[in-house]
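The block underneath contains the structure these notes are about, expressed in structure tokens.
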Amino acid sequence: MTDDKQQFTGVWVPALTPFRPDLSIDREAFAAHCRWLLAQGVDGLAVFGTTSEANSLSVPEREDLLKALLDAGIPAARLMPGVGCCAIPDTVRLCRHALDRGCSAVLMLPPFYYKGVGDEGLFKYFSSVIEQVASNALRVFLYHIPPVSQVPLSTVLIARLLEAYPGIVVGLKDSGGDWRYTQDLLARFPDMAIFAGSERFLLDTLRNGGAG
């Protein structure tokens, strides 16, 4: 088991982003909710993912919310912010912001507006982000959620990214809902920290060597 897989284990929960009736973000409620989740014994928080409605937020809003959590005493090491955007410069900016503030890892969607993108195009997207961030501290969790993104991550693509960026691409959140795909990941990539995106698959994922 790699050091990164040992670090990223257990239950990392998606955190809801609370909005006020005027659609402004309730920062205080967000921080209180995250503190409560940690107090229940979870291992970490995946903020700015699907449950957090990240794609309803602007890049500055995500940066401001991350700062609000840190100012409220949430440990950076227990945060895995979502950074995936359709525009490479936005993803790079969010990665750098998370790294600069000490976050353990980032959760990265593929570019999701255009469908039917092949492995070569997706590889170029992820590699462009990684190369532009240009930090050995970067730890990327790929976000496989084809029911929403409609852009799946093939095992061929994952293998290529792991080979090209060892120690940087370290994990994957599998929210595809297809246990056969998850089993294939677990068998092919035993050193990768693979998280089930649903509690329905949590126990089976752990029994087959998954991270959480």
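Letters A, B, ... go to the chains of the structure tokens in the order shown; residues in each chain start at 1; ligands are counted from 1 in the same order.
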
Can you tell me which residues surround segment 59-70 of chain A at a distance of at most 10 Å, considering only C-alpha atoms, apart from same-chain residues fewer than 6 positions away, and format the answer as a short mmCIF file (atom, residue, chain, number, x, y, z; two decimals) with N, CA, C and O atoms, in the first residue's frame?
data_model
loop_
_atom_site.label_atom_id
_atom_site.label_comp_id
_atom_site.auth_asym_id
_atom_site.auth_seq_id
_atom_site.Cartn_x
_atom_site.Cartn_y
_atom_site.Cartn_z
N THR A 17 -23.62 22.71 0.51
CA THR A 17 -23.40 24.15 0.57
C THR A 17 -24.74 24.82 0.84
O THR A 17 -25.65 24.73 0.01
N SER A 24 -27.53 33.79 -2.12
CA SER A 24 -26.19 34.04 -1.59
C SER A 24 -25.82 32.87 -0.68
O SER A 24 -26.69 32.11 -0.22
N ILE A 25 -24.54 32.69 -0.45
CA ILE A 25 -24.05 31.54 0.32
C ILE A 25 -23.98 31.88 1.80
O ILE A 25 -23.48 32.94 2.18
N ASP A 26 -24.49 30.98 2.62
CA ASP A 26 -24.44 31.17 4.07
C ASP A 26 -23.13 30.58 4.58
O ASP A 26 -23.04 29.39 4.89
N ARG A 27 -22.09 31.40 4.66
CA ARG A 27 -20.76 30.92 5.04
C ARG A 27 -20.74 30.37 6.46
O ARG A 27 -20.08 29.37 6.74
N GLU A 28 -21.45 31.05 7.36
CA GLU A 28 -21.45 30.61 8.75
C GLU A 28 -22.10 29.23 8.89
O GLU A 28 -21.60 28.36 9.60
N PHE A 30 -22.33 27.00 6.55
CA PHE A 30 -21.45 26.04 5.88
C PHE A 30 -20.34 25.59 6.82
O PHE A 30 -20.07 24.39 6.96
N ALA A 31 -19.70 26.53 7.47
CA ALA A 31 -18.63 26.18 8.41
C ALA A 31 -19.16 25.36 9.58
O ALA A 31 -18.54 24.37 10.00
N ALA A 32 -20.34 25.74 10.09
CA ALA A 32 -20.93 24.99 11.21
C ALA A 32 -21.28 23.56 10.79
O ALA A 32 -21.06 22.61 11.55
N CYS A 34 -19.80 21.80 8.42
CA CYS A 34 -18.55 21.05 8.25
C CYS A 34 -17.95 20.66 9.60
O CYS A 34 -17.44 19.54 9.77
N ARG A 35 -18.02 21.58 10.56
CA ARG A 35 -17.54 21.24 11.91
C ARG A 35 -18.34 20.09 12.50
O ARG A 35 -17.79 19.19 13.14
N VAL A 47 -15.47 18.89 -0.29
CA VAL A 47 -16.26 20.09 -0.52
C VAL A 47 -16.18 20.48 -2.00
O VAL A 47 -15.21 20.16 -2.68
N PHE A 48 -17.20 21.15 -2.49
CA PHE A 48 -17.26 21.65 -3.87
C PHE A 48 -17.29 20.52 -4.89
O PHE A 48 -16.65 20.59 -5.93
N ALA A 76 -7.03 22.13 7.05
CA ALA A 76 -6.84 22.01 5.60
C ALA A 76 -6.56 20.57 5.20
O ALA A 76 -6.98 20.12 4.12
N LEU A 79 -9.56 18.43 4.11
CA LEU A 79 -10.40 18.95 3.03
C LEU A 79 -9.90 18.48 1.68
O LEU A 79 -8.70 18.52 1.41
N PRO A 81 -11.09 19.68 -1.80
CA PRO A 81 -11.99 20.52 -2.58
C PRO A 81 -12.09 20.08 -4.04
O PRO A 81 -11.10 19.69 -4.65
N GLY A 82 -13.29 20.17 -4.58
CA GLY A 82 -13.49 19.93 -6.00
C GLY A 82 -12.97 21.11 -6.80
O GLY A 82 -13.21 22.26 -6.48
N VAL A 83 -12.23 20.79 -7.87
CA VAL A 83 -11.60 21.85 -8.67
C VAL A 83 -11.93 21.75 -10.16
O VAL A 83 -11.55 22.61 -10.94
N CYS A 85 -13.31 22.08 -13.68
CA CYS A 85 -14.10 23.02 -14.47
C CYS A 85 -13.91 22.69 -15.95
O CYS A 85 -12.99 21.97 -16.33
N ASP A 90 -9.41 27.85 -15.10
CA ASP A 90 -10.18 27.84 -13.85
C ASP A 90 -9.75 26.68 -12.96
O ASP A 90 -9.59 26.84 -11.74
N THR A 91 -9.57 25.51 -13.56
CA THR A 91 -9.14 24.35 -12.78
C THR A 91 -7.74 24.56 -12.21
O THR A 91 -7.48 24.24 -11.04
N ARG A 93 -6.32 27.41 -11.51
CA ARG A 93 -6.42 28.42 -10.44
C ARG A 93 -6.94 27.80 -9.15
O ARG A 93 -6.39 28.06 -8.06
N LEU A 94 -7.97 26.96 -9.23
CA LEU A 94 -8.52 26.34 -8.03
C LEU A 94 -7.53 25.35 -7.41
O LEU A 94 -7.45 25.24 -6.18
N HIS A 97 -4.95 27.41 -5.57
CA HIS A 97 -5.53 27.99 -4.36
C HIS A 97 -5.61 26.95 -3.24
O HIS A 97 -5.27 27.23 -2.08
N ALA A 98 -6.04 25.73 -3.59
CA ALA A 98 -6.13 24.67 -2.58
C ALA A 98 -4.75 24.29 -2.05
O ALA A 98 -4.56 24.10 -0.84
N ARG A 101 -3.15 26.71 0.35
CA ARG A 101 -3.76 26.73 1.68
C ARG A 101 -3.65 25.40 2.41
O ARG A 101 -4.27 25.19 3.44
N GLY A 102 -2.86 24.48 1.87
CA GLY A 102 -2.50 23.28 2.60
C GLY A 102 -3.45 22.11 2.49
O GLY A 102 -3.37 21.16 3.28
N CYS A 103 -4.36 22.13 1.51
CA CYS A 103 -5.29 21.01 1.37
C CYS A 103 -4.55 19.75 0.95
O CYS A 103 -3.55 19.80 0.23
#

Practice prompt. Would you kindly return, as JSON, numbers by chain, each protein, DNA or RNA residue with an atom no farther than 12 Å from any atom of segment 7-10 of chain A, considering only C-alpha atoms and excluding same-chain residues fewer than 5 positions away?
Written response: {"A": [1, 2, 41, 42, 43, 44, 45, 46, 77, 78, 79, 80, 104, 105, 106, 139, 140, 141, 170, 171, 172, 173, 191, 192, 193, 194, 195, 196, 199, 202, 203, 205, 206, 209, 210, 211, 212]}

Please produce an output containing N, CA, C and O atoms for each residue in the selection, written as a CSV table (one decimal), in the first residue's frame.
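Wrote it out as result_0.csv, contents follow:
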chain,number,residue,atom,x,y,z
A,1,MET,N,0.8,-1.2,0.0
A,1,MET,CA,0.0,0.0,0.0
A,1,MET,C,0.9,1.2,0.0
A,1,MET,O,1.8,1.3,0.8
A,2,THR,N,0.6,2.2,-0.9
A,2,THR,CA,1.4,3.4,-0.9
A,2,THR,C,1.1,4.3,0.2
A,2,THR,O,0.0,4.2,0.9
A,41,GLY,N,-17.1,12.1,13.5
A,41,GLY,CA,-16.1,11.1,13.3
A,41,GLY,C,-15.7,10.8,11.9
A,41,GLY,O,-14.9,9.9,11.7
A,42,VAL,N,-16.1,11.6,10.9
A,42,VAL,CA,-15.7,11.3,9.5
A,42,VAL,C,-14.2,11.7,9.4
A,42,VAL,O,-13.7,12.5,10.2
A,43,ASP,N,-13.6,11.1,8.4
A,43,ASP,CA,-12.2,11.3,8.2
A,43,ASP,C,-11.8,12.6,7.5
A,43,ASP,O,-10.7,13.1,7.6
A,44,GLY,N,-12.7,13.0,6.6
A,44,GLY,CA,-12.4,14.2,5.8
A,44,GLY,C,-13.7,14.7,5.1
A,44,GLY,O,-14.7,14.0,5.1
A,45,LEU,N,-13.5,15.8,4.4
A,45,LEU,CA,-14.7,16.4,3.8
A,45,LEU,C,-14.3,16.7,2.3
A,45,LEU,O,-13.3,17.3,2.0
A,46,ALA,N,-15.2,16.2,1.4
A,46,ALA,CA,-15.1,16.5,0.0
A,46,ALA,C,-16.0,17.7,-0.3
A,46,ALA,O,-17.3,17.5,-0.4
A,77,ALA,N,-5.9,19.8,6.0
A,77,ALA,CA,-5.5,18.5,5.7
A,77,ALA,C,-6.7,17.5,5.6
A,77,ALA,O,-6.6,16.4,5.1
A,78,ARG,N,-7.9,18.0,6.1
A,78,ARG,CA,-9.1,17.2,6.1
A,78,ARG,C,-10.1,17.6,5.1
A,78,ARG,O,-11.2,17.3,5.1
A,79,LEU,N,-9.6,18.4,4.1
A,79,LEU,CA,-10.4,19.0,3.0
A,79,LEU,C,-9.9,18.5,1.7
A,79,LEU,O,-8.7,18.5,1.4
A,80,MET,N,-10.8,18.0,0.8
A,80,MET,CA,-10.5,17.7,-0.5
A,80,MET,C,-11.5,18.5,-1.4
A,80,MET,O,-12.6,18.0,-1.8
A,104,SER,N,-5.1,18.6,1.4
A,104,SER,CA,-4.4,17.3,1.2
A,104,SER,C,-4.4,16.9,-0.3
A,104,SER,O,-3.5,16.3,-0.8
A,105,ALA,N,-5.5,17.2,-0.9
A,105,ALA,CA,-5.7,16.7,-2.3
A,105,ALA,C,-6.9,17.5,-2.9
A,105,ALA,O,-7.6,18.2,-2.2
A,106,VAL,N,-7.0,17.3,-4.2
A,106,VAL,CA,-8.2,17.9,-4.9
A,106,VAL,C,-8.9,16.9,-5.7
A,106,VAL,O,-8.4,15.8,-6.1
A,139,ARG,N,-1.9,16.5,-5.3
A,139,ARG,CA,-2.5,15.1,-5.2
A,139,ARG,C,-3.9,15.2,-5.9
A,139,ARG,O,-4.8,15.9,-5.3
A,140,VAL,N,-4.0,14.5,-7.0
A,140,VAL,CA,-5.3,14.5,-7.7
A,140,VAL,C,-6.1,13.2,-7.5
A,140,VAL,O,-5.6,12.1,-7.7
A,141,PHE,N,-7.4,13.4,-7.2
A,141,PHE,CA,-8.4,12.4,-7.2
A,141,PHE,C,-9.2,12.6,-8.4
A,141,PHE,O,-9.9,13.7,-8.5
A,170,VAL,N,-3.4,10.1,-7.6
A,170,VAL,CA,-3.3,9.1,-6.6
A,170,VAL,C,-4.6,8.4,-6.2
A,170,VAL,O,-4.6,7.4,-5.5
A,171,GLY,N,-5.7,8.9,-6.7
A,171,GLY,CA,-7.0,8.3,-6.3
A,171,GLY,C,-8.1,8.6,-7.3
A,171,GLY,O,-7.9,9.3,-8.3
A,172,LEU,N,-9.3,8.0,-7.0
A,172,LEU,CA,-10.5,8.2,-7.8
A,172,LEU,C,-11.7,8.1,-6.9
A,172,LEU,O,-11.8,7.2,-6.1
A,173,LYS,N,-12.6,9.0,-7.1
A,173,LYS,CA,-14.0,8.8,-6.5
A,173,LYS,C,-14.9,8.3,-7.6
A,173,LYS,O,-15.1,8.9,-8.6
A,191,ASP,N,-2.8,0.0,-5.9
A,191,ASP,CA,-2.2,1.0,-5.2
A,191,ASP,C,-2.9,2.4,-5.2
A,191,ASP,O,-2.4,3.4,-4.6
A,192,MET,N,-4.0,2.4,-5.9
A,192,MET,CA,-4.7,3.7,-6.1
A,192,MET,C,-5.8,3.8,-5.0
A,192,MET,O,-6.4,2.8,-4.6
A,193,ALA,N,-5.9,5.0,-4.4
A,193,ALA,CA,-6.9,5.2,-3.4
A,193,ALA,C,-8.3,5.4,-4.0
A,193,ALA,O,-8.6,6.4,-4.5
A,194,ILE,N,-9.1,4.3,-4.0
A,194,ILE,CA,-10.4,4.3,-4.7
A,194,ILE,C,-11.5,4.4,-3.7
A,194,ILE,O,-11.6,3.6,-2.8
A,195,PHE,N,-12.3,5.5,-3.9
A,195,PHE,CA,-13.5,5.7,-3.0
A,195,PHE,C,-14.8,5.4,-3.7
A,195,PHE,O,-15.0,5.8,-4.8
A,196,ALA,N,-15.7,4.7,-3.0
A,196,ALA,CA,-17.0,4.6,-3.5
A,196,ALA,C,-17.8,5.9,-3.3
A,196,ALA,O,-17.7,6.6,-2.3
A,199,GLU,N,-22.7,5.1,-0.3
A,199,GLU,CA,-22.6,4.2,0.8
A,199,GLU,C,-23.1,2.8,0.5
A,199,GLU,O,-22.7,1.8,1.1
A,202,LEU,N,-20.0,0.9,-0.2
A,202,LEU,CA,-18.8,1.2,0.7
A,202,LEU,C,-18.2,-0.1,1.2
A,202,LEU,O,-17.0,-0.3,1.1
A,203,LEU,N,-19.1,-1.0,1.7
A,203,LEU,CA,-18.5,-2.2,2.4
A,203,LEU,C,-17.9,-3.1,1.3
A,203,LEU,O,-16.7,-3.6,1.6
A,205,THR,N,-16.5,-2.2,-1.5
A,205,THR,CA,-15.3,-1.5,-1.9
A,205,THR,C,-14.2,-1.7,-0.9
A,205,THR,O,-13.0,-2.1,-1.3
A,206,LEU,N,-14.5,-1.6,0.4
A,206,LEU,CA,-13.5,-1.9,1.4
A,206,LEU,C,-13.0,-3.3,1.4
A,206,LEU,O,-11.8,-3.6,1.6
A,209,GLY,N,-10.3,-3.9,-1.2
A,209,GLY,CA,-9.1,-3.2,-1.1
A,209,GLY,C,-9.2,-1.7,-1.4
A,209,GLY,O,-8.2,-1.0,-1.5
A,210,GLY,N,-10.5,-1.2,-1.5
A,210,GLY,CA,-10.7,0.2,-1.7
A,210,GLY,C,-10.3,1.0,-0.4
A,210,GLY,O,-10.1,0.5,0.7
A,211,ALA,N,-10.3,2.4,-0.6
A,211,ALA,CA,-9.8,3.3,0.4
A,211,ALA,C,-11.0,3.7,1.3
A,211,ALA,O,-10.7,4.0,2.5
A,212,GLY,N,-12.2,3.8,0.8
A,212,GLY,CA,-13.3,4.2,1.7
A,212,GLY,C,-14.5,4.5,0.9
A,212,GLY,O,-14.6,4.1,-0.3

Worksheet item: Can you tell me how far atom CA of Leu99 of chain A sits from atom CA of Leu138 of chain A, in Å to one decimal?
Response: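 Separation between atom CA of Leu99 of chain A and atom CA of Leu138 of chain A: 6.9 Å.
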
Worksheet entry | Which residue of A:Ala54, A:Ile74, A:Cys86, A:Leu161 approaches His33 of chain A most closely, using only C-alpha atoms |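 Under the stated criterion, the closest residue is A:Ile74.
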
In segment 13-160 of chain A, DSSP alpha helix (DSSP H) residues written as a short mmCIF file (atom, residue, chain, number, x, y, z; two decimals) with C-alpha atoms, in the first residue's frame:
data_model
loop_
_atom_site.label_atom_id
_atom_site.label_comp_id
_atom_site.auth_asym_id
_atom_site.auth_seq_id
_atom_site.Cartn_x
_atom_site.Cartn_y
_atom_site.Cartn_z
CA ARG A 27 -20.76 30.92 5.04
CA GLU A 28 -21.45 30.61 8.75
CA ALA A 29 -23.90 27.73 8.26
CA PHE A 30 -21.45 26.04 5.88
CA ALA A 31 -18.63 26.18 8.41
CA ALA A 32 -20.93 24.99 11.21
CA HIS A 33 -22.13 22.08 9.08
CA CYS A 34 -18.55 21.05 8.25
CA ARG A 35 -17.54 21.24 11.91
CA TRP A 36 -20.52 19.06 12.81
CA LEU A 37 -19.60 16.44 10.20
CA LEU A 38 -16.05 16.22 11.54
CA ALA A 39 -17.40 15.96 15.08
CA VAL A 59 -14.36 30.37 -9.06
CA PRO A 60 -14.08 33.35 -6.64
CA GLU A 61 -16.99 31.97 -4.59
CA ARG A 62 -15.24 28.62 -4.23
CA GLU A 63 -12.02 30.33 -3.19
CA ASP A 64 -13.88 32.50 -0.69
CA LEU A 65 -15.70 29.50 0.80
CA LEU A 66 -12.50 27.53 1.22
CA LYS A 67 -10.97 30.48 3.03
CA ALA A 68 -14.08 30.72 5.20
CA LEU A 69 -13.73 27.08 6.25
CA LEU A 70 -10.06 27.50 7.12
CA ASP A 71 -10.78 30.72 9.03
CA ILE A 88 -8.39 24.67 -17.88
CA PRO A 89 -7.34 28.06 -16.40
CA ASP A 90 -10.18 27.84 -13.85
CA THR A 91 -9.14 24.35 -12.78
CA VAL A 92 -5.48 25.38 -12.54
CA ARG A 93 -6.42 28.42 -10.44
CA LEU A 94 -8.52 26.34 -8.03
CA CYS A 95 -5.75 23.73 -7.71
CA ARG A 96 -3.18 26.36 -6.84
CA HIS A 97 -5.53 27.99 -4.36
CA ALA A 98 -6.13 24.67 -2.58
CA LEU A 99 -2.43 23.82 -2.54
CA ASP A 100 -1.43 27.23 -1.25
CA ASP A 119 -9.21 9.30 -24.04
CA GLU A 120 -6.64 11.43 -25.87
CA GLY A 121 -8.60 14.63 -25.33
CA LEU A 122 -9.23 13.83 -21.68
CA PHE A 123 -5.57 12.96 -21.12
CA LYS A 124 -4.55 16.30 -22.61
CA TYR A 125 -6.98 18.10 -20.29
CA PHE A 126 -5.70 16.45 -17.11
CA SER A 127 -2.06 16.64 -18.18
CA SER A 128 -2.40 20.33 -19.08
CA VAL A 129 -3.76 21.09 -15.62
CA ILE A 130 -1.04 19.08 -13.86
CA GLU A 131 1.75 20.58 -15.95
CA GLN A 132 0.51 24.14 -15.42
CA VAL A 133 0.07 23.71 -11.67
CA PRO A 146 -20.86 9.68 -15.79
CA PRO A 147 -24.56 9.79 -14.72
CA VAL A 148 -24.04 13.55 -14.24
CA SER A 149 -21.00 14.53 -16.31
CA THR A 155 -9.42 2.30 -17.28
CA VAL A 156 -7.07 2.89 -20.24
CA LEU A 157 -7.09 6.63 -19.50
CA ILE A 158 -6.57 6.05 -15.78
CA ALA A 159 -3.63 3.72 -16.42
CA ARG A 160 -2.03 6.30 -18.70
#

Worksheet item: Taking the backbone alone, and naming residues the way the document does, which bits of chain A are strand (DSSP E) by DSSP, as an NGL selection string?
Response: :A and (12-14 or 44-46 or 106-108 or 140-144 or 169-174 or 193-196)

For the residues selected in the previous step, produce a file with C-alpha atoms as a tab-separated table (two decimals), in the first residue's frame.
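And here's result.tsv as it stands now:
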chain	number	residue	atom	x	y	z
A	12	TRP	CA	-14.69	11.42	3.29
A	13	VAL	CA	-18.15	12.90	3.01
A	14	PRO	CA	-19.56	15.40	0.52
A	44	GLY	CA	-12.42	14.20	5.81
A	45	LEU	CA	-14.67	16.44	3.76
A	46	ALA	CA	-15.11	16.52	0.01
A	106	VAL	CA	-8.15	17.95	-4.94
A	107	LEU	CA	-11.08	16.22	-6.61
A	108	MET	CA	-11.03	16.79	-10.37
A	140	VAL	CA	-5.28	14.52	-7.72
A	141	PHE	CA	-8.35	12.38	-7.20
A	142	LEU	CA	-10.15	11.79	-10.48
A	143	TYR	CA	-13.94	12.18	-10.29
A	144	HIS	CA	-15.82	9.52	-12.26
A	169	VAL	CA	-2.68	11.16	-9.67
A	170	VAL	CA	-3.28	9.08	-6.57
A	171	GLY	CA	-6.98	8.26	-6.34
A	172	LEU	CA	-10.46	8.23	-7.78
A	173	LYS	CA	-13.96	8.85	-6.53
A	174	ASP	CA	-16.27	6.40	-8.30
A	193	ALA	CA	-6.95	5.16	-3.36
A	194	ILE	CA	-10.39	4.34	-4.71
A	195	PHE	CA	-13.47	5.71	-2.96
A	196	ALA	CA	-17.03	4.56	-3.47
